[in-house]
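J.: Mind having a look at this structure? Questions to follow.
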Amino acid sequence: MIRLGVRLALGGGREAWGRLALVAAGVALGVSMLLGALAGINAVNAQNARYGWLDTHTGGGASVAGMDPLWWRVSSDEFAGRVIGRVDEAATGARSPVPPGIPRLPGPGQYYASPAMAALLRSTPAAELGARYPGRLAGLIGPAALPAPDSLIVIIGRRADELAHAQGAERVTAIGTAPPSACSGDCYDIGINANGIELILSVVTAALLFPIMTFIGTATRLSAARREQRFAAMRLAGATPGQISLLAAVESGLAALAGVAAGFGLFYLGRPALARIDFTGGRFFTADLSLSAADVLLVAAGVPVAAVAAAWLALRRVGASPLAVARRVTPPAPRAWRVLPLLIGLGELAWFVHAGRPRATSGQAQAYMFGILMTMVGLVVVGPWLTGAVARPLARRTGRPAVLLAARRLADNPSSGFRAIGGLVLALFVTSVAVATITTIDAYGVGGRDRPLVRRGPAERATLIDRYQTYTPAGPRDAPAIPAGLPAELRSVPGVLGVTVVHTISPDSPDHPAIGAVTCAQLADTPALGQCPAGATTVNVGGGADWSRGGINEQRWPPAGVPVTQLERLPVQAVVVAANGPAAVERARSALRLANPDHVIPLTIAEEADRDRKLNRAYQRLANLVMLISLPVAGCGLAVGAIAGLAERGRPFSLLRLAGTPLGLLRRVVALENAVPLLAGAVVAIATGFLTAGLFLRSQLGETVRAPAASYYALVGAGLVASLLVIASTLPLLERATGPAIARND
Amino acid sequence: MSGGTGAGAGGGPLIEARHVSLSFGPTPALRGASLTVAAGEILAVMGPSGSGKSTLLHCLAGILTPDSGEIHFAGRRLDTLRENERGALRRDRFGFVFQFGQLVPELTAEENVALPLLLNGVRRARALAEARPWFDRLDLAGTQSRRSGELSGGQAQRVALARALVARPDVLFADEPTGALDSLTGENVMNLLVSEARDQGTTVILVTHAPRVAAYADREVVVRDGTVTSYEPAPAAS
């Protein structure tokens, strides 16, 4: 019987080969995307793991007996909007631990650089970048220490007696290995700050896997109507249900196996291109996109097994009766219990608004993950019920024949109607949640309303702030003074327009942040920091957090009431430098870095705001990726569904055409039965996404969700238009599928 | 060349085919077939399988356009009309019954019957109201809300007959309407078809290869090798 199945599948002429190729191509496409999603998740984890050594000071600096301690300090630098990881180290003996990627520790006056960093140093004037790193290049850092091929990292050798007194330096006897995802505290900030990364990856995985698996399932059912007719005819000829099931299993299994093999090929062909997509803030090495043995086994065995199971399920009707495929009876409608998972998911999120969020970070991640995943499951489960609930009354009431035919079809099989768009619904939900959340956090700031959106004009991009704070056990304290001659040195840097020193007139206290004041003479040269009222000589410029607010350049500060001479004797809170362009900003940054090597790297006002948004941008990229993958999958699913629907109804439609039904009306039927669930599903997904984001933001940050920017609507609109075009692309088939020849020959 | 002629109730033919030829690729299906059908007449078109009788019916109904020859309906040239004009004619003036598979599977029997009225722009409530009496007339009471898969073969053909007649067409084209039914059910369907057509004054062109079915007609013509080779004169109008 298996041999007969193989012969039927392969020896049935062009139609059989065409059917096999069609199913295999669909499965191959789905499998390649499935492998891409699995490899992408592995790549994020692999990339994250390579950040581990940079968290040595917090994550893995455990004491190892017998090792010579290593003085170690990690800080971040900035150049032209790119973050540079800087490690200062000093060995205390021959057996000091060596970080990955370099053969030995650089000695004083030497440094190792990542390949991208070395190239940047070569192509940039020394005053803008190289001056910050003393010594000469000893070699390149290998891939084992690079999160991404284009990571900018430099490891600088220092003298132990020098580094021992540097602020932030620690003695370690082992290099850290814990990735940022294992860090729940103050982790180094050039990696993926992975608090919640599990939540994001879980949501992304679910959002990607569902549409892909649905598509694979749909692909295995391509030509199902024709196949069922053939098997029904064989039943009539005496084949037993078991024999038919075996034949179906062989046919589906063969196509799925071919598709899986081709899918692996497609994945490996597309892997280098996939590695170039930057959705975590850093590209992947091609090898990062690897598959575990479990992944390979899951896909290589799971997809054919699932295809065989799907074929078995689909043929249950044929098994029951040889005539079953020809008969259409009133199907049972989906039950109302399908609303429950959605209500549970949204109910849990709403409960946190009412009762408050869990206190622990890990508890929050788990709780929100459950709520969001349950809402996603709920959307998939409730979709057919909603489709049927809309279609049935429409079919009962409409007087338009096209609407009647489309609504009856949807009411008949709402699961089939929804299946094709299920992936798109999930993609829209995930994108809507992500975009609404990110938009709101961007608008209010990660700390809430105190950190609103920063205007990032040329002045904000060209004004550096070097914060003069000393971290003590009692908290940050402002420095007593700045190095003598620094303002004059800064003013002598080509392109620097002005220097303003911010002094503290009201020290930091538990109730009030430190309040700064400046002279109006200096403020006039750094206009991004605000303006003085007429007649004032010194003004109060608020706390450091105020300078990141939007529209500060238009702020007219109140007089401080402190004479200039008295102000200049007060502790220094910050030095603000205005420059005339990016190169001058980098030169000034280098000068500030050399003057205060222990300071946090000075950032422009715009860069400070961008750092707050870095994680959000990574999540936004993931959301866009989900959307970009789901769209073609949903489009293919829609096309397959539309074609299958046409094939099923070739004869009645062609007879309707013979009886004078205009082709345009049949086109409207096909368009409606695909477009209505698509648009209705989109509305439900977007509304549920905004509701979910709103509940999350209300309980987590106490904020109200904000409307996303126009780019979101453009992306959603483009996605829907693309899907509608896919539906429209199947309409020309209608004319051929319902021509007189179909009625005469079928 | 021979052909069938029929005298209409008003004197002139309602449908006329003049020297109609049509080939499918290299295979000729009709070779100069000529035929006239009078208004109100029930004409049986007989012939063996592959003789061209269904092709002739499709040409008369404006479904196929002949390669040569002319088709006239109610004094109007049919074969030179554009497809959308012929489609409108089929929808507004003609009804069709085929051998099987003509009901839209998703629709209920009642909606299937009302479909031609809906297609003609009749409001739903009125269309369904006009469709309902046909269920009693054709002995289909109780099947209104069933789908095609829940109807027997005879019931499905009667629903199809109701759908073909509900818009009161001038001509009913029936292509082997009992071909998929047993003889008893077939006779039942034919009795209903003929009586309803006569009640409405509808002209019927009935393609069949079964003499028992053809016996319901006023007149028979035989198609052989693509030509109309013989005919019986129409019975006197009662």
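Please note that chains go A, B, ... in the order of the structure tokens, that every chain numbers its residues from 1, and that ligands are numbered from 1 in the order shown.
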Could you give me, as JSON lines, every chain B residue with an atom at most 9 Å from chain A, plus its closest atom pair and distance in Å to one decimal, counting only C-alpha atoms, rows ordered by chain then number?
T.:
```
{"residue": "B:Ser54", "atom": "CA", "partner": "A:Arg744", "partner_atom": "CA", "distance": 8.8}
{"residue": "B:His58", "atom": "CA", "partner": "A:Leu658", "partner_atom": "CA", "distance": 8.8}
{"residue": "B:Ala61", "atom": "CA", "partner": "A:Leu658", "partner_atom": "CA", "distance": 8.9}
{"residue": "B:Gly62", "atom": "CA", "partner": "A:Leu658", "partner_atom": "CA", "distance": 8.8}
{"residue": "B:Ile63", "atom": "CA", "partner": "A:Leu658", "partner_atom": "CA", "distance": 6.2}
{"residue": "B:Leu64", "atom": "CA", "partner": "A:Pro740", "partner_atom": "CA", "distance": 8.0}
{"residue": "B:Asn84", "atom": "CA", "partner": "A:Pro662", "partner_atom": "CA", "distance": 7.3}
{"residue": "B:Arg86", "atom": "CA", "partner": "A:Gly660", "partner_atom": "CA", "distance": 7.6}
{"residue": "B:Gly87", "atom": "CA", "partner": "A:Gly660", "partner_atom": "CA", "distance": 4.2}
{"residue": "B:Ala88", "atom": "CA", "partner": "A:Gly660", "partner_atom": "CA", "distance": 5.9}
{"residue": "B:Leu89", "atom": "CA", "partner": "A:Gly660", "partner_atom": "CA", "distance": 7.2}
{"residue": "B:Arg90", "atom": "CA", "partner": "A:Gly660", "partner_atom": "CA", "distance": 4.8}
{"residue": "B:Arg91", "atom": "CA", "partner": "A:Gly660", "partner_atom": "CA", "distance": 4.3}
{"residue": "B:Asp92", "atom": "CA", "partner": "A:Gly660", "partner_atom": "CA", "distance": 8.0}
{"residue": "B:Phe94", "atom": "CA", "partner": "A:Ala659", "partner_atom": "CA", "distance": 7.6}
{"residue": "B:Gly95", "atom": "CA", "partner": "A:Ala659", "partner_atom": "CA", "distance": 6.9}
{"residue": "B:Phe96", "atom": "CA", "partner": "A:Ala659", "partner_atom": "CA", "distance": 6.3}
{"residue": "B:Phe98", "atom": "CA", "partner": "A:Leu655", "partner_atom": "CA", "distance": 8.4}
{"residue": "B:Gly101", "atom": "CA", "partner": "A:Pro652", "partner_atom": "CA", "distance": 6.2}
{"residue": "B:Gln102", "atom": "CA", "partner": "A:Pro652", "partner_atom": "CA", "distance": 5.1}
{"residue": "B:Leu103", "atom": "CA", "partner": "A:Pro652", "partner_atom": "CA", "distance": 6.3}
{"residue": "B:Val104", "atom": "CA", "partner": "A:Pro652", "partner_atom": "CA", "distance": 5.6}
{"residue": "B:Pro105", "atom": "CA", "partner": "A:Arg328", "partner_atom": "CA", "distance": 6.0}
{"residue": "B:Glu106", "atom": "CA", "partner": "A:Arg409", "partner_atom": "CA", "distance": 5.6}
{"residue": "B:Leu107", "atom": "CA", "partner": "A:Arg408", "partner_atom": "CA", "distance": 6.3}
{"residue": "B:Thr108", "atom": "CA", "partner": "A:Thr330", "partner_atom": "CA", "distance": 8.8}
{"residue": "B:Glu111", "atom": "CA", "partner": "A:Leu404", "partner_atom": "CA", "distance": 8.8}
{"residue": "B:Leu115", "atom": "CA", "partner": "A:Pro401", "partner_atom": "CA", "distance": 6.9}
{"residue": "B:Pro116", "atom": "CA", "partner": "A:Thr661", "partner_atom": "CA", "distance": 8.5}
{"residue": "B:Leu118", "atom": "CA", "partner": "A:Pro401", "partner_atom": "CA", "distance": 5.9}
{"residue": "B:Leu119", "atom": "CA", "partner": "A:Pro401", "partner_atom": "CA", "distance": 6.1}
{"residue": "B:Gly121", "atom": "CA", "partner": "A:Arg400", "partner_atom": "CA", "distance": 7.9}
{"residue": "B:Val122", "atom": "CA", "partner": "A:Gly399", "partner_atom": "CA", "distance": 7.9}
{"residue": "B:Arg123", "atom": "CA", "partner": "A:Gly399", "partner_atom": "CA", "distance": 5.7}
{"residue": "B:Arg124", "atom": "CA", "partner": "A:Gly399", "partner_atom": "CA", "distance": 4.4}
{"residue": "B:Ala125", "atom": "CA", "partner": "A:Gly399", "partner_atom": "CA", "distance": 7.8}
{"residue": "B:Ala127", "atom": "CA", "partner": "A:Gly399", "partner_atom": "CA", "distance": 8.7}
{"residue": "B:Arg146", "atom": "CA", "partner": "A:Thr330", "partner_atom": "CA", "distance": 7.4}
{"residue": "B:Arg147", "atom": "CA", "partner": "A:Val329", "partner_atom": "CA", "distance": 5.6}
{"residue": "B:Ser148", "atom": "CA", "partner": "A:Arg328", "partner_atom": "CA", "distance": 6.1}
{"residue": "B:Gly149", "atom": "CA", "partner": "A:Arg328", "partner_atom": "CA", "distance": 4.1}
{"residue": "B:Glu150", "atom": "CA", "partner": "A:Val329", "partner_atom": "CA", "distance": 5.7}
{"residue": "B:Ala164", "atom": "CA", "partner": "A:Ala659", "partner_atom": "CA", "distance": 8.9}
```
J.: Name the residues of segment 119-217 of chain B that come out as helix (DSSP H, G or I) in a backbone DSSP run; write them as a PyMOL selection string.
T.: chain B and resi 119+124-137+148-150+153-165+183-200+211-214
J.: Neighbouring residues of Leu678 of chain A were defined as those with any atom within 10 Å, considering only C-alpha atoms; residues of the same chain fewer than 2 positions away were excluded. Please report them as a list in words.
T.: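 The residues that qualify are Thr387, Gly417, Phe418, Ala420, Ile421, Gly422, Leu424, Val425, Ala634, Leu638, Leu672, Glu673, Asn674, Ala675, Val676, Ala680, Gly681, Ala682, Val683, Val684, Leu720, Ser723 and Leu724 of chain A.
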J.: Counting only C-alpha atoms, what is within 12 Å of segment 17-19 of chain B, bar same-chain residues fewer than 5 positions away, as number ranges by chain?
T.: B: 1-6, 30-37, 56-62, 65-79, 226-228
J.: Could you write out, as number ranges by chain, all the residues of segment 69-113 of chain A that DSSP marks as strand (DSSP E)?
T.: A: 70-79, 82-91, 110-113
J.: Would you kindly return, as a PDB file with N, CA and C atoms, in the first residue's frame, each protein, DNA or RNA residue with an atom no farther than 9 Å from any atom of Phe135 of chain B, considering only C-alpha atoms and excluding same-chain residues fewer than 2 positions away?
T.:
```
ATOM      1  N   GLU B 110     -33.696  27.691   0.416  1.00  0.00           N
ATOM      2  CA  GLU B 110     -34.506  28.892   0.207  1.00  0.00           C
ATOM      3  C   GLU B 110     -33.686  30.019  -0.417  1.00  0.00           C
ATOM      4  N   ALA B 131     -39.818  33.179  -3.148  1.00  0.00           N
ATOM      5  CA  ALA B 131     -39.226  31.838  -3.255  1.00  0.00           C
ATOM      6  C   ALA B 131     -40.041  30.802  -2.475  1.00  0.00           C
ATOM      7  N   ARG B 132     -40.618  31.212  -1.357  1.00  0.00           N
ATOM      8  CA  ARG B 132     -41.256  30.234  -0.450  1.00  0.00           C
ATOM      9  C   ARG B 132     -42.369  29.413  -1.098  1.00  0.00           C
ATOM     10  N   PRO B 133     -43.310  30.027  -1.861  1.00  0.00           N
ATOM     11  CA  PRO B 133     -44.405  29.211  -2.436  1.00  0.00           C
ATOM     12  C   PRO B 133     -43.912  28.062  -3.298  1.00  0.00           C
ATOM     13  N   ARG B 137     -45.233  24.150  -3.931  1.00  0.00           N
ATOM     14  CA  ARG B 137     -45.623  23.733  -5.290  1.00  0.00           C
ATOM     15  C   ARG B 137     -44.800  22.557  -5.772  1.00  0.00           C
ATOM     16  N   LEU B 138     -43.541  22.497  -5.354  1.00  0.00           N
ATOM     17  CA  LEU B 138     -42.663  21.415  -5.831  1.00  0.00           C
ATOM     18  C   LEU B 138     -42.478  20.325  -4.778  1.00  0.00           C
ATOM     19  N   ASP B 139     -43.387  20.296  -3.820  1.00  0.00           N
ATOM     20  CA  ASP B 139     -43.353  19.246  -2.791  1.00  0.00           C
ATOM     21  C   ASP B 139     -42.018  19.238  -2.024  1.00  0.00           C
ATOM     22  N   LEU B 140     -41.591  20.441  -1.649  1.00  0.00           N
ATOM     23  CA  LEU B 140     -40.310  20.575  -0.934  1.00  0.00           C
ATOM     24  C   LEU B 140     -40.503  21.160   0.464  1.00  0.00           C
ATOM     25  N   ALA B 141     -41.752  21.137   0.942  1.00  0.00           N
ATOM     26  CA  ALA B 141     -42.024  21.772   2.240  1.00  0.00           C
ATOM     27  C   ALA B 141     -41.101  21.195   3.317  1.00  0.00           C
ATOM     28  N   GLY B 142     -40.542  22.058   4.138  1.00  0.00           N
ATOM     29  CA  GLY B 142     -39.662  21.612   5.225  1.00  0.00           C
ATOM     30  C   GLY B 142     -38.196  21.583   4.867  1.00  0.00           C
ATOM     31  N   THR B 143     -37.869  21.841   3.614  1.00  0.00           N
ATOM     32  CA  THR B 143     -36.451  21.770   3.210  1.00  0.00           C
ATOM     33  C   THR B 143     -35.837  23.157   3.029  1.00  0.00           C
ATOM     34  N   GLN B 144     -36.597  24.183   3.358  1.00  0.00           N
ATOM     35  CA  GLN B 144     -36.144  25.558   3.055  1.00  0.00           C
ATOM     36  C   GLN B 144     -34.775  25.880   3.643  1.00  0.00           C
ATOM     37  N   ARG B 158     -35.307  19.592  -7.767  1.00  0.00           N
ATOM     38  CA  ARG B 158     -36.525  20.407  -7.690  1.00  0.00           C
ATOM     39  C   ARG B 158     -36.195  21.818  -7.181  1.00  0.00           C
ATOM     40  N   VAL B 159     -35.238  21.898  -6.235  1.00  0.00           N
ATOM     41  CA  VAL B 159     -34.801  23.229  -5.783  1.00  0.00           C
ATOM     42  C   VAL B 159     -34.189  23.981  -6.970  1.00  0.00           C
ATOM     43  N   ALA B 162     -36.960  25.178  -9.126  1.00  0.00           N
ATOM     44  CA  ALA B 162     -37.585  26.371  -8.541  1.00  0.00           C
ATOM     45  C   ALA B 162     -36.710  27.587  -8.779  1.00  0.00           C
TER      46      ALA B 162
END
```
J.: Please compute the atom CA of Gln573 of chain A-atom CA of Ala166 of chain A distance, one decimal, in Å.
T.: 19.7 Å
J.: Could you state the separation of atom CA of Gln200 of chain B and atom CA of Arg219 of chain B in Å, given to one decimal place?
T.: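 Distance reported for this atom pair: 18.6 Å.
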J.: List the neighbours of Asp278 of chain A out to 8 Å using only C-alpha atoms; skip same-chain residues closer than 5 positions along the sequence, and give me the result as JSON, numbers by chain.
T.: {"A": [283, 284, 621]}
J.: Atom CA of Thr565 of chain A and atom CA of Gln469 of chain A are how many Å apart?
T.: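 Rounded to one decimal, the two atoms are 22.0 Å apart.
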